[in-house]
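S.K.: Sharing input-v5.cif (mmCIF, C-alpha atoms and all ligand atoms) below.
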data_model
loop_
_atom_site.label_atom_id
_atom_site.label_comp_id
_atom_site.auth_asym_id
_atom_site.auth_seq_id
_atom_site.Cartn_x
_atom_site.Cartn_y
_atom_site.Cartn_z
CA MET A 2 31.56 340.82 161.34
CA ALA A 3 28.18 341.83 159.95
CA SER A 4 26.37 339.81 162.59
CA ARG A 5 28.51 341.33 165.34
CA CYS A 6 27.62 344.78 164.10
CA TYR A 7 23.94 343.84 164.01
CA PHE A 8 24.22 342.57 167.56
CA SER A 9 25.83 345.81 168.67
CA VAL A 10 23.01 347.84 167.13
CA LEU A 11 20.49 345.68 168.94
CA LEU A 12 22.38 346.05 172.19
CA HIS A 13 22.47 349.81 171.85
CA ALA A 14 18.78 349.90 171.02
CA PHE A 15 18.11 347.81 174.10
CA VAL A 16 20.23 350.00 176.37
CA PHE A 17 18.58 353.10 174.97
CA ALA A 18 15.09 351.65 175.51
CA THR A 19 16.00 350.67 179.08
CA VAL A 20 17.37 354.11 179.85
CA ALA A 21 14.29 355.72 178.33
CA THR A 22 11.75 353.57 180.18
CA LEU A 23 13.39 353.51 183.61
CA GLY A 24 14.19 357.18 183.29
CA PHE A 25 17.65 356.14 184.38
CA SER A 26 19.89 359.03 184.97
CA GLN A 27 23.04 359.44 182.95
CA LEU A 28 24.97 359.25 186.19
CA THR A 29 28.25 357.36 186.08
CA PRO A 30 30.96 356.56 188.64
CA ASN A 31 33.61 357.94 186.24
CA TYR A 32 32.13 361.41 185.85
CA TYR A 33 35.10 363.29 187.37
CA ASP A 34 37.88 360.98 186.17
CA TYR A 35 39.21 363.52 183.66
CA SER A 36 38.00 366.85 185.07
CA CYS A 37 39.25 366.14 188.59
CA PRO A 38 40.99 362.80 189.15
CA ASN A 39 41.71 363.62 192.82
CA ALA A 40 38.14 364.58 193.72
CA LEU A 41 37.14 361.34 195.44
CA SER A 42 40.34 360.87 197.43
CA THR A 43 40.28 364.51 198.57
CA ILE A 44 36.71 364.20 199.82
CA LYS A 45 37.39 360.91 201.55
CA SER A 46 40.31 362.27 203.53
CA VAL A 47 38.31 365.24 204.84
CA VAL A 48 35.42 362.97 205.85
CA GLU A 49 37.81 360.58 207.61
CA ALA A 50 39.43 363.45 209.53
CA GLU A 51 36.09 364.96 210.55
CA VAL A 52 34.59 361.62 211.64
CA GLN A 53 37.79 361.02 213.64
CA LYS A 54 37.17 364.31 215.47
CA GLU A 55 33.47 363.74 216.08
CA ASN A 56 31.92 360.49 214.91
CA ARG A 57 28.36 361.83 214.95
CA ILE A 58 29.22 364.07 212.00
CA GLY A 59 29.18 360.92 209.84
CA ALA A 60 25.54 360.36 210.75
CA SER A 61 24.65 363.98 210.14
CA LEU A 62 26.24 363.89 206.69
CA LEU A 63 24.43 360.68 205.70
CA ARG A 64 21.15 362.28 206.71
CA LEU A 65 21.83 365.33 204.52
CA HIS A 66 21.96 363.15 201.38
CA PHE A 67 18.61 361.58 202.35
CA HIS A 68 16.95 364.95 203.02
CA ASP A 69 18.37 366.26 199.75
CA CYS A 70 17.14 363.37 197.59
CA PHE A 71 13.63 363.28 199.07
CA VAL A 72 12.88 366.90 198.12
CA ASN A 73 12.69 367.38 194.34
CA GLY A 74 15.48 364.88 193.78
CA CYS A 75 19.17 364.82 194.69
CA ASP A 76 20.03 368.37 193.62
CA GLY A 77 21.80 369.96 196.59
CA SER A 78 18.69 371.99 197.45
CA ILE A 79 19.05 371.21 201.18
CA LEU A 80 22.29 373.22 201.27
CA LEU A 81 20.90 376.59 200.16
CA ASP A 82 20.73 379.25 202.87
CA PRO A 83 17.75 381.57 203.19
CA SER A 84 17.90 384.64 200.91
CA PRO A 85 15.37 386.97 199.30
CA THR A 86 14.88 384.38 196.54
CA ILE A 87 15.45 381.16 198.50
CA ASP A 88 12.85 379.81 200.93
CA SER A 89 15.42 377.60 202.59
CA GLU A 90 14.68 373.93 203.23
CA LYS A 91 16.81 374.35 206.36
CA ASN A 92 13.76 376.02 207.92
CA ALA A 93 11.35 373.17 207.12
CA ARG A 94 9.90 371.27 210.10
CA PRO A 95 12.02 368.10 209.76
CA ASN A 96 15.21 370.16 209.33
CA ILE A 97 15.10 373.17 211.61
CA GLN A 98 17.35 372.83 214.66
CA SER A 99 17.99 369.32 213.44
CA VAL A 100 20.04 368.86 210.27
CA ARG A 101 23.72 369.66 210.72
CA GLY A 102 27.09 369.26 209.02
CA PHE A 103 26.90 372.29 206.71
CA GLU A 104 30.29 373.63 207.83
CA VAL A 105 31.87 370.29 206.93
CA VAL A 106 30.24 370.41 203.49
CA ASP A 107 31.71 373.90 203.03
CA GLU A 108 35.14 372.63 204.06
CA ILE A 109 34.88 369.72 201.61
CA LYS A 110 33.75 371.95 198.77
CA GLN A 111 36.74 374.24 199.33
CA ALA A 112 39.16 371.32 199.54
CA VAL A 113 37.85 369.65 196.41
CA ASP A 114 37.77 372.89 194.39
CA GLN A 115 41.37 373.50 195.39
CA ALA A 116 42.36 369.96 194.40
CA CYS A 117 40.60 370.36 191.03
CA GLY A 118 41.90 373.88 190.45
CA LYS A 119 38.32 374.86 189.59
CA SER A 120 34.71 374.40 190.69
CA VAL A 121 33.65 371.21 188.90
CA VAL A 122 32.22 368.90 191.58
CA SER A 123 28.58 369.67 192.33
CA CYS A 124 27.25 370.04 195.85
CA ALA A 125 24.66 367.33 195.17
CA ASP A 126 27.47 364.91 194.22
CA ILE A 127 29.47 365.93 197.28
CA LEU A 128 26.52 364.87 199.47
CA ALA A 129 26.31 361.48 197.72
CA ILE A 130 30.06 360.86 198.06
CA VAL A 131 30.18 362.03 201.64
CA ALA A 132 27.25 359.75 202.57
CA ARG A 133 29.26 356.76 201.33
CA ASP A 134 32.51 357.89 202.97
CA SER A 135 30.72 358.46 206.29
CA VAL A 136 29.17 355.00 206.28
CA VAL A 137 32.57 353.48 205.49
CA ALA A 138 34.29 355.54 208.22
CA LEU A 139 31.82 354.15 210.77
CA GLY A 140 32.36 350.52 209.75
CA GLY A 141 29.61 350.07 207.16
CA PRO A 142 29.57 348.82 203.57
CA THR A 143 31.08 350.59 200.59
CA TRP A 144 29.62 351.10 197.11
CA GLU A 145 30.46 352.85 193.89
CA VAL A 146 28.87 356.30 193.96
CA GLN A 147 27.05 357.33 190.79
CA LEU A 148 28.03 360.88 189.78
CA GLY A 149 27.12 363.75 187.49
CA ARG A 150 24.29 365.40 189.44
CA ARG A 151 24.00 369.16 189.03
CA ASP A 152 22.84 371.67 191.60
CA SER A 153 19.45 373.32 191.78
CA THR A 154 18.97 377.06 191.59
CA THR A 155 15.89 376.81 193.78
CA ALA A 156 14.77 375.33 197.09
CA SER A 157 11.35 374.70 198.61
CA ARG A 158 10.55 374.73 202.31
CA GLU A 159 7.01 373.60 201.47
CA ALA A 160 8.26 370.63 199.44
CA ALA A 161 10.58 369.67 202.31
CA ASN A 162 7.65 369.78 204.75
CA ALA A 163 5.55 367.67 202.42
CA ASN A 164 8.12 365.07 201.38
CA ILE A 165 10.37 364.17 204.30
CA PRO A 166 8.76 361.42 206.39
CA ALA A 167 7.92 362.20 210.04
CA PRO A 168 8.77 360.14 213.13
CA PHE A 169 5.09 359.80 214.03
CA PHE A 170 4.24 358.10 210.70
CA SER A 171 2.56 354.69 210.67
CA LEU A 172 3.96 351.81 208.60
CA SER A 173 1.48 352.46 205.79
CA GLU A 174 2.36 356.17 205.75
CA LEU A 175 6.06 355.29 205.57
CA ILE A 176 5.46 352.82 202.73
CA THR A 177 3.42 355.39 200.79
CA ASN A 178 6.01 358.11 201.32
CA PHE A 179 8.81 355.89 200.01
CA LYS A 180 6.67 354.68 197.13
CA ASN A 181 6.11 358.31 196.10
CA HIS A 182 9.90 358.54 195.80
CA GLY A 183 10.16 355.40 193.66
CA LEU A 184 11.32 353.27 196.59
CA ASP A 185 9.67 350.04 197.73
CA GLU A 186 9.04 348.37 201.07
CA LYS A 187 12.44 346.72 201.11
CA ASP A 188 14.15 350.06 200.42
CA LEU A 189 12.20 351.52 203.34
CA VAL A 190 13.35 348.81 205.74
CA VAL A 191 16.98 348.81 204.65
CA LEU A 192 17.40 352.60 204.35
CA SER A 193 15.84 353.07 207.77
CA GLY A 194 18.96 351.19 208.85
CA GLY A 195 20.62 354.60 208.47
CA HIS A 196 19.42 354.93 212.06
CA THR A 197 22.16 352.53 213.10
CA ILE A 198 24.21 355.73 213.53
CA GLY A 199 23.46 359.10 215.08
CA TYR A 200 21.06 360.72 217.51
CA ALA A 201 17.53 362.04 217.88
CA ARG A 202 16.08 364.80 220.05
CA CYS A 203 13.62 364.11 222.86
CA ILE A 204 10.84 366.02 221.07
CA ASN A 205 10.92 363.37 218.34
CA PHE A 206 10.53 360.33 220.62
CA LYS A 207 8.58 361.72 223.60
CA ALA A 208 5.18 360.48 222.42
CA HIS A 209 6.66 357.05 221.66
CA ILE A 210 8.18 356.54 225.10
CA TYR A 211 5.21 357.94 227.08
CA ASN A 212 2.24 356.83 224.99
CA ASP A 213 3.07 353.81 222.85
CA SER A 214 2.74 350.27 224.19
CA ASN A 215 5.08 348.52 221.72
CA ILE A 216 8.18 349.52 223.66
CA ASP A 217 10.22 347.58 226.20
CA PRO A 218 9.36 349.09 229.63
CA ASN A 219 12.97 349.17 230.85
CA PHE A 220 14.07 350.92 227.67
CA ALA A 221 11.23 353.44 228.05
CA GLN A 222 12.21 354.02 231.68
CA TYR A 223 15.84 354.74 230.76
CA LEU A 224 14.73 357.19 228.07
CA LYS A 225 12.42 359.04 230.45
CA TYR A 226 15.48 360.24 232.37
CA ILE A 227 16.88 361.74 229.18
CA CYS A 228 13.48 362.98 228.03
CA PRO A 229 11.22 364.26 230.81
CA ILE A 230 7.49 364.62 230.18
CA ASN A 231 7.87 368.42 230.49
CA GLY A 232 10.79 370.18 228.79
CA GLY A 233 14.12 368.72 227.71
CA ASP A 234 12.93 368.73 224.10
CA GLN A 235 16.43 369.18 222.64
CA ASN A 236 18.07 366.44 224.74
CA LEU A 237 19.70 363.72 222.66
CA ALA A 238 19.43 359.95 222.74
CA PRO A 239 21.26 357.51 220.44
CA LEU A 240 19.12 356.08 217.62
CA ASP A 241 20.45 352.61 218.42
CA SER A 242 22.57 350.98 221.12
CA THR A 243 25.80 351.52 219.12
CA ALA A 244 25.33 354.97 217.59
CA ALA A 245 28.94 355.28 216.38
CA ASN A 246 28.98 351.93 214.55
CA PHE A 247 27.27 351.11 211.31
CA ASP A 248 26.04 347.61 212.24
CA VAL A 249 22.87 345.52 212.61
CA SER A 250 22.08 346.69 216.17
CA TYR A 251 19.34 348.96 214.87
CA TYR A 252 17.45 345.85 213.75
CA SER A 253 18.20 343.69 216.79
CA ASN A 254 17.01 346.61 218.92
CA LEU A 255 13.72 346.69 216.95
CA VAL A 256 13.22 342.94 217.46
CA ASN A 257 13.61 343.63 221.21
CA LYS A 258 11.17 346.57 221.13
CA ASN A 259 14.03 348.99 221.67
CA GLY A 260 13.24 351.26 218.73
CA LEU A 261 13.78 354.94 219.60
CA LEU A 262 11.33 356.52 217.16
CA HIS A 263 7.72 355.50 216.68
CA SER A 264 8.50 355.18 212.95
CA ASP A 265 11.42 352.82 213.70
CA GLN A 266 9.31 350.45 215.79
CA GLU A 267 6.58 350.50 213.12
CA LEU A 268 8.93 348.39 210.98
CA PHE A 269 8.69 345.58 213.54
CA ASN A 270 5.20 345.67 214.93
CA GLY A 271 3.46 342.54 213.70
CA ASP A 272 3.20 343.51 210.07
CA SER A 273 4.62 342.84 206.59
CA THR A 274 8.10 344.25 207.26
CA ASP A 275 8.78 342.12 210.37
CA SER A 276 10.49 339.27 208.53
CA LEU A 277 13.03 341.53 206.82
CA VAL A 278 13.84 343.32 210.10
CA GLN A 279 14.28 339.91 211.69
CA GLN A 280 16.65 338.81 208.93
CA TYR A 281 18.81 341.94 209.06
CA SER A 282 19.01 341.62 212.86
CA TYR A 283 21.41 338.71 212.40
CA ASP A 284 22.48 338.90 208.74
CA ASN A 285 25.12 341.60 208.53
CA GLN A 286 26.04 340.65 204.98
CA ALA A 287 22.47 340.95 203.68
CA PHE A 288 22.03 344.32 205.41
CA PHE A 289 25.28 345.73 204.00
CA GLN A 290 24.61 344.46 200.47
CA ASP A 291 20.99 345.65 200.42
CA PHE A 292 21.85 349.02 201.99
CA ALA A 293 24.41 349.66 199.25
CA ASN A 294 21.86 348.79 196.53
CA SER A 295 19.08 350.90 198.02
CA ILE A 296 21.17 353.98 198.68
CA ILE A 297 22.37 353.94 195.06
CA LYS A 298 18.69 353.78 194.09
CA MET A 299 17.93 356.71 196.42
CA GLY A 300 20.82 358.67 194.90
CA ASN A 301 19.24 358.24 191.48
CA ILE A 302 16.06 360.11 192.42
CA GLN A 303 15.43 362.81 189.81
CA PRO A 304 18.93 364.27 189.42
CA LEU A 305 19.57 367.34 187.33
CA THR A 306 22.02 366.36 184.58
CA GLY A 307 23.63 367.67 181.41
CA ASP A 308 23.07 371.41 181.19
CA GLN A 309 20.26 371.48 183.75
CA GLY A 310 20.92 373.47 186.91
CA GLU A 311 24.51 374.49 187.63
CA VAL A 312 27.62 373.54 189.59
CA ARG A 313 27.51 375.86 192.57
CA VAL A 314 30.70 377.64 193.60
CA ASN A 315 29.38 378.01 197.14
CA CYS A 316 27.00 375.24 198.24
CA ARG A 317 24.97 377.72 200.30
CA LYS A 318 24.18 380.10 197.40
CA VAL A 319 23.18 379.95 193.75
CA ASN A 320 25.75 381.35 191.30
CA TYR A 321 25.23 384.83 189.87
C1 LIG B 401 11.96 356.13 207.20
C2 LIG B 401 11.66 357.35 207.55
C3 LIG B 401 12.54 358.21 208.41
C4 LIG B 401 12.12 358.99 209.43
C5 LIG B 401 10.68 359.17 209.89
C6 LIG B 401 13.29 359.62 210.00
C7 LIG B 401 13.28 360.51 211.05
C8 LIG B 401 14.39 360.94 211.73
C9 LIG B 401 14.38 361.75 212.91
C10 LIG B 401 13.12 362.30 213.58
C11 LIG B 401 15.66 361.94 213.32
C12 LIG B 401 16.13 362.72 214.53
C13 LIG B 401 16.20 364.20 214.20
C14 LIG B 401 16.26 365.06 215.44
O1 LIG B 401 15.79 364.63 216.49
O2 LIG B 401 16.76 366.21 215.35
C15 LIG B 401 16.50 361.25 212.38
C16 LIG B 401 17.87 361.21 212.45
C17 LIG B 401 18.66 360.57 211.53
N1 LIG B 401 18.24 359.99 210.36
FE1 LIG B 401 16.34 359.56 209.85
N2 LIG B 401 14.40 359.20 209.32
C18 LIG B 401 13.99 358.34 208.33
C19 LIG B 401 14.81 357.74 207.39
C20 LIG B 401 16.17 357.92 207.31
C21 LIG B 401 16.99 357.46 206.21
C22 LIG B 401 16.46 356.78 204.95
C23 LIG B 401 18.27 357.80 206.51
C24 LIG B 401 19.54 357.57 205.72
C25 LIG B 401 19.71 356.54 204.93
C26 LIG B 401 18.25 358.45 207.80
C27 LIG B 401 19.37 358.90 208.48
C28 LIG B 401 19.33 359.50 209.71
C29 LIG B 401 20.51 359.74 210.51
C30 LIG B 401 21.92 359.29 210.17
C31 LIG B 401 20.10 360.43 211.65
C32 LIG B 401 20.99 360.95 212.80
C33 LIG B 401 21.54 362.32 212.41
C34 LIG B 401 22.45 362.95 213.44
O3 LIG B 401 22.83 362.33 214.44
O4 LIG B 401 22.80 364.13 213.22
N3 LIG B 401 16.96 358.52 208.23
N4 LIG B 401 15.71 360.66 211.42
C1 LIG B 402 -0.18 361.15 224.90
O1 LIG B 402 -1.51 361.04 224.43
C2 LIG B 402 -2.40 362.00 225.01
C3 LIG B 402 -3.80 361.65 224.53
O2 LIG B 402 -3.84 361.57 223.13
C4 LIG B 402 -1.95 363.40 224.61
O3 LIG B 402 -2.80 364.37 225.15
C5 LIG B 402 -0.53 363.62 225.10
O4 LIG B 402 -0.07 364.88 224.64
C6 LIG B 402 0.39 362.52 224.61
N1 LIG B 402 1.68 362.66 225.25
C7 LIG B 402 2.79 362.84 224.56
C8 LIG B 402 4.06 362.95 225.36
O5 LIG B 402 2.81 362.93 223.37
#
Mind converting the file's structure to structure tokens?

M.R.:
Amino acid sequence: MASRCYFSVLLHAFVFATVATLGFSQLTPNYYDYSCPNALSTIKSVVEAEVQKENRIGASLLRLHFHDCFVNGCDGSILLDPSPTIDSEKNARPNIQSVRGFEVVDEIKQAVDQACGKSVVSCADILAIVARDSVVALGGPTWEVQLGRRDSTTASREAANANIPAPFFSLSELITNFKNHGLDEKDLVVLSGGHTIGYARCINFKAHIYNDSNIDPNFAQYLKYICPINGGDQNLAPLDSTAANFDVSYYSNLVNKNGLLHSDQELFNGDSTDSLVQQYSYDNQAFFQDFANSIIKMGNIQPLTGDQGEVRVNCRKVNY
């Protein structure tokens, strides 16, 4: 008995040391089990219904979690509307006229607050849950979402401009950007697989299709109809050949020089990330498993926890 107790003390000391050194958040999958046991099922059913209506919304919702986590951590800051005190991230260069899905987040927040009988689920957690449910609804992997993030009372357009990677980035710029967020080269390659769903606007791939040489000429030709050299900047093209399915096509497209964004094709352009792209292009299981691991890691970026921040009543505004 004494030795078991000693072991338990050691174990706790070890867990504490690990938590302290990795800065691991106190997030847990069970966070709402008592305060709102129906939270997860309520959210899932709204996401399923919305993706059924318009499958692109799944992509847009996944992207919101990414753009949230990359700007001062996963704290719901992307959802705040402009106000006299909020310099909204919605107006940052990577987001303006681009990020979408805010009405669906509002709908989910209302539904979950009604199911809970009170406002207990944070907007930052809603984004993390909805990212998972969207990926599942489009045929991708599932994972256990870590929960307990709290919402920021601030936002920063400048930080959004500085921290969200751009489609004209080189491989080394992409690697550095991810590294600054605690994510490695493998995380970069596998999370870029988010581009297996959704769309991009002409303005974001024009330079790639007209000026880059690492693109299949037939693919470039097809895109030039969608994206003329003059104008058409808001026209949409799918990010991979099966934009409504979460699958490995994004990677097989890259191997065939059919990447839509310059930044996508950088991952398969004769450099250190080629071999992983090659592997994912045929290994669905590896892609799904690694995507789940890396998105959990992304969701752990600098959350507000405990009594930090707040749980917003309205995801677009800070509480009074
Ligand atoms: C690696 C660096 C990345 C860059 C440079 C990048 C850039 C972009 C750009 C330029 C668009 C199109 C936006 C528009 O034209 O309006 C886009 C769309 C998208 N991105 Fe990324 N992205 C990156 C990583 C990620 C990650 C890590 C995820 C999620 C795991 C993600 C998910 C998406 C999704 C789902 C869309 C489509 C959204 C929709 O259809 O509404 N991206 N990205
Ligand atoms: C292609 O490159 C030229 C020379 O750098 C530049 O002037 C032009 O704007 C680029 N075209 C596109 C579509 O980006």

S.K.: Counting only C-alpha atoms, which residues in segment 65-174 of chain A sit no more than 12 Å from segment 270-279 of chain A? For each one, give the nearest pair of atoms and the distance in Å, sorted by chain then residue number, as a tab-separated table.

M.R.:
residue	atom	partner	partner_atom	distance
A:Ser171	CA	A:Asn270	CA	10.3
A:Leu172	CA	A:Asp272	CA	8.5
A:Ser173	CA	A:Asp272	CA	10.1

S.K.: Can I get the residues close to ligand LIG 402 (chain B) as a count of residues only, where close means within 10 Å and we count all atoms listed in the file?

M.R.: 15

S.K.: At what distance in Å, to one decimal, does atom CA of Val72 of chain A lie from atom CA of Arg158 of chain A?

M.R.: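 Rounded to one decimal, the two atoms are 9.2 Å apart.
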
S.K.: Could you state the separation of atom CA of Thr243 of chain A and atom CA of Met299 of chain A in Å, given to one decimal place?

M.R.: 24.6 Å

S.K.: Figure out the distance between atom CA of His66 of chain A and atom CA of Asp284 of chain A, please, to one decimal in Å.

M.R.: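 According to the coordinates, atom CA of Asp284 of chain A and atom CA of His66 of chain A are separated by 25.3 Å.
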
S.K.: Around the point (18.8, 378.0, 193.9), in the coordinates given by the file, pick out the residues reaching within 8 Å, counting all atoms listed in the file, and return them as a PyMOL selection string.

M.R.: chain A and resi 78+81+86-87+152-156+318-319

S.K.: Between A:Ile44, A:Ala287, A:Ala93, A:Ala244, which has the minimum distance to ligand LIG 401 (chain B) (counting all atoms listed in the file)?

M.R.: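 Ranking A:Ile44, A:Ala287, A:Ala93, A:Ala244 by distance to ligand LIG 401 (chain B), first place goes to A:Ala244.
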
S.K.: Point out the residue among A:Val100, A:Ile302, A:Leu192, A:Ile216 with the least atom-to-atom distance to Val256 of chain A, counting only C-alpha atoms.

M.R.: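 Going through A:Val100, A:Ile302, A:Leu192, A:Ile216 one by one, the smallest distance to Val256 of chain A is for A:Ile216.
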
S.K.: List every protein, DNA or RNA residue that has an atom no more than 10 Å from (22.1, 365.6, 208.0) in the file's coordinate frame, counting only C-alpha atoms, and report them as an mmCIF file with C-alpha atoms, in the frame of the given file.

M.R.:
data_model
loop_
_atom_site.group_PDB
_atom_site.id
_atom_site.type_symbol
_atom_site.label_atom_id
_atom_site.label_comp_id
_atom_site.auth_asym_id
_atom_site.auth_seq_id
_atom_site.Cartn_x
_atom_site.Cartn_y
_atom_site.Cartn_z
ATOM 1 C CA ILE A 58 29.220 364.070 212.000
ATOM 2 C CA GLY A 59 29.180 360.920 209.840
ATOM 3 C CA ALA A 60 25.540 360.360 210.750
ATOM 4 C CA SER A 61 24.650 363.980 210.140
ATOM 5 C CA LEU A 62 26.240 363.890 206.690
ATOM 6 C CA LEU A 63 24.430 360.680 205.700
ATOM 7 C CA ARG A 64 21.150 362.280 206.710
ATOM 8 C CA LEU A 65 21.830 365.330 204.520
ATOM 9 C CA HIS A 66 21.960 363.150 201.380
ATOM 10 C CA PHE A 67 18.610 361.580 202.350
ATOM 11 C CA HIS A 68 16.950 364.950 203.020
ATOM 12 C CA ASP A 69 18.370 366.260 199.750
ATOM 13 C CA ILE A 79 19.050 371.210 201.180
ATOM 14 C CA ASN A 96 15.210 370.160 209.330
ATOM 15 C CA SER A 99 17.990 369.320 213.440
ATOM 16 C CA VAL A 100 20.040 368.860 210.270
ATOM 17 C CA ARG A 101 23.720 369.660 210.720
ATOM 18 C CA GLY A 102 27.090 369.260 209.020
ATOM 19 C CA PHE A 103 26.900 372.290 206.710
ATOM 20 C CA LEU A 128 26.520 364.870 199.470
ATOM 21 C CA ALA A 132 27.250 359.750 202.570
ATOM 22 C CA GLY A 199 23.460 359.100 215.080
#

S.K.: Taking into account only C-alpha atoms and all ligand atoms, which residue in the set A:Val190, A:Leu255, A:Ala125, A:Leu224 is nearest to ligand LIG 401 (chain B)?

M.R.: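 Smallest separation from ligand LIG 401 (chain B) among the options: A:Val190.
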
S.K.: I want to know what sits within 10 Å of Phe289 of chain A, based on all atoms listed in the file, with residues of the same chain fewer than 6 positions away left out; could you give that as a ChimeraX atom specification?

M.R.: /A:141-144,191,194,247-249,281

S.K.: Using all atoms listed in the file for the distances, tell me which of A:Tyr321, A:Phe220, A:Phe71, A:Phe292 is nearest to Ser242 of chain A.

M.R.: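 The answer is A:Phe220, which sits nearest to Ser242 of chain A.
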
S.K.: Using all atoms listed in the file, can you tell me which of A:Thr177, A:Ser89, A:Asn315, A:Gln53 comes closest to ligand LIG 401 (chain B)?

M.R.: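 Using all atoms listed in the file, ligand LIG 401 (chain B) sits closest to A:Thr177.
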
S.K.: Within 8 Å of Cys37 of chain A, counting only C-alpha atoms, which residues show up once you throw out same-chain ones fewer than 4 positions away? Write them as a PyMOL selection string, please.

M.R.: chain A and resi 33+116-117+121

S.K.: Hey, what's within 9 Å of Val122 of chain A if we count all atoms listed in the file and toss same-chain stuff fewer than 6 positions away? As an NGL selection string, please?

M.R.: :A and (33 or 36-37 or 40 or 110 or 113-114 or 149-151 or 312-313)

S.K.: Would you mind listing what lies within 8 Å of Gly260 of chain A as a list in words, with all atoms listed in the file counted and same-chain residues fewer than 5 positions away left out?

M.R.: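 Here the answer would be Ile216, Leu240, Asp241, Tyr251, Asn254, Leu255, Asp265 and Gln266 of chain A.
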
S.K.: Which is closer to Asp88 of chain A than all the others in A:Ser193, A:Asn236, A:Asn301, A:Asn162, using only C-alpha atoms?

M.R.: A:Asn162

S.K.: For segment 254-266 of chain A, what centre and edge lengths in Å (one decimal) does the axis-aligned box get once 4 Å is added on each side of all its listed atoms, as AutoDock Vina command-line options?

M.R.:
--center_x 12.4 --center_y 349.7 --center_z 217.3 --size_x 17.3 --size_y 21.6 --size_z 16.7

S.K.: For Asn31 of chain A, work out the shell of residues within 9 Å, counting only C-alpha atoms and skipping chain neighbours fewer than 3 positions away, then give it as a PyMOL selection string.

M.R.: chain A and resi 28+34-35+147-149

S.K.: Start from the incomplete input, build N, CA and C atoms for segment 37-50 of chain A, and deliver everything as a tab-separated table (two decimals), keeping the file's coordinate frame.

M.R.:
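So the final result, stored in selection_3.tsv, reads:
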chain	number	residue	atom	x	y	z
A	37	CYS	N	38.63	366.01	187.26
A	37	CYS	CA	39.25	366.14	188.59
A	37	CYS	C	39.56	364.76	189.17
A	38	PRO	N	40.67	364.16	188.72
A	38	PRO	CA	40.99	362.80	189.15
A	38	PRO	C	41.18	362.65	190.66
A	39	ASN	N	41.50	363.73	191.37
A	39	ASN	CA	41.71	363.62	192.82
A	39	ASN	C	40.47	363.94	193.66
A	40	ALA	N	39.34	364.15	193.00
A	40	ALA	CA	38.14	364.58	193.72
A	40	ALA	C	37.76	363.58	194.83
A	41	LEU	N	37.64	362.31	194.47
A	41	LEU	CA	37.14	361.34	195.44
A	41	LEU	C	38.08	361.14	196.62
A	42	SER	N	39.39	361.08	196.33
A	42	SER	CA	40.34	360.87	197.43
A	42	SER	C	40.41	362.10	198.35
A	43	THR	N	40.26	363.29	197.75
A	43	THR	CA	40.28	364.51	198.57
A	43	THR	C	39.09	364.53	199.52
A	44	ILE	N	37.92	364.19	199.00
A	44	ILE	CA	36.71	364.20	199.82
A	44	ILE	C	36.82	363.17	200.94
A	45	LYS	N	37.29	361.99	200.57
A	45	LYS	CA	37.39	360.91	201.55
A	45	LYS	C	38.29	361.30	202.72
A	46	SER	N	39.40	361.97	202.42
A	46	SER	CA	40.31	362.27	203.53
A	46	SER	C	39.72	363.33	204.46
A	47	VAL	N	38.95	364.28	203.94
A	47	VAL	CA	38.31	365.24	204.84
A	47	VAL	C	37.25	364.55	205.70
A	48	VAL	N	36.45	363.67	205.08
A	48	VAL	CA	35.42	362.97	205.85
A	48	VAL	C	36.07	362.13	206.96
A	49	GLU	N	37.12	361.41	206.61
A	49	GLU	CA	37.81	360.58	207.61
A	49	GLU	C	38.29	361.43	208.78
A	50	ALA	N	38.91	362.57	208.47
A	50	ALA	CA	39.43	363.45	209.53
A	50	ALA	C	38.30	363.99	210.40
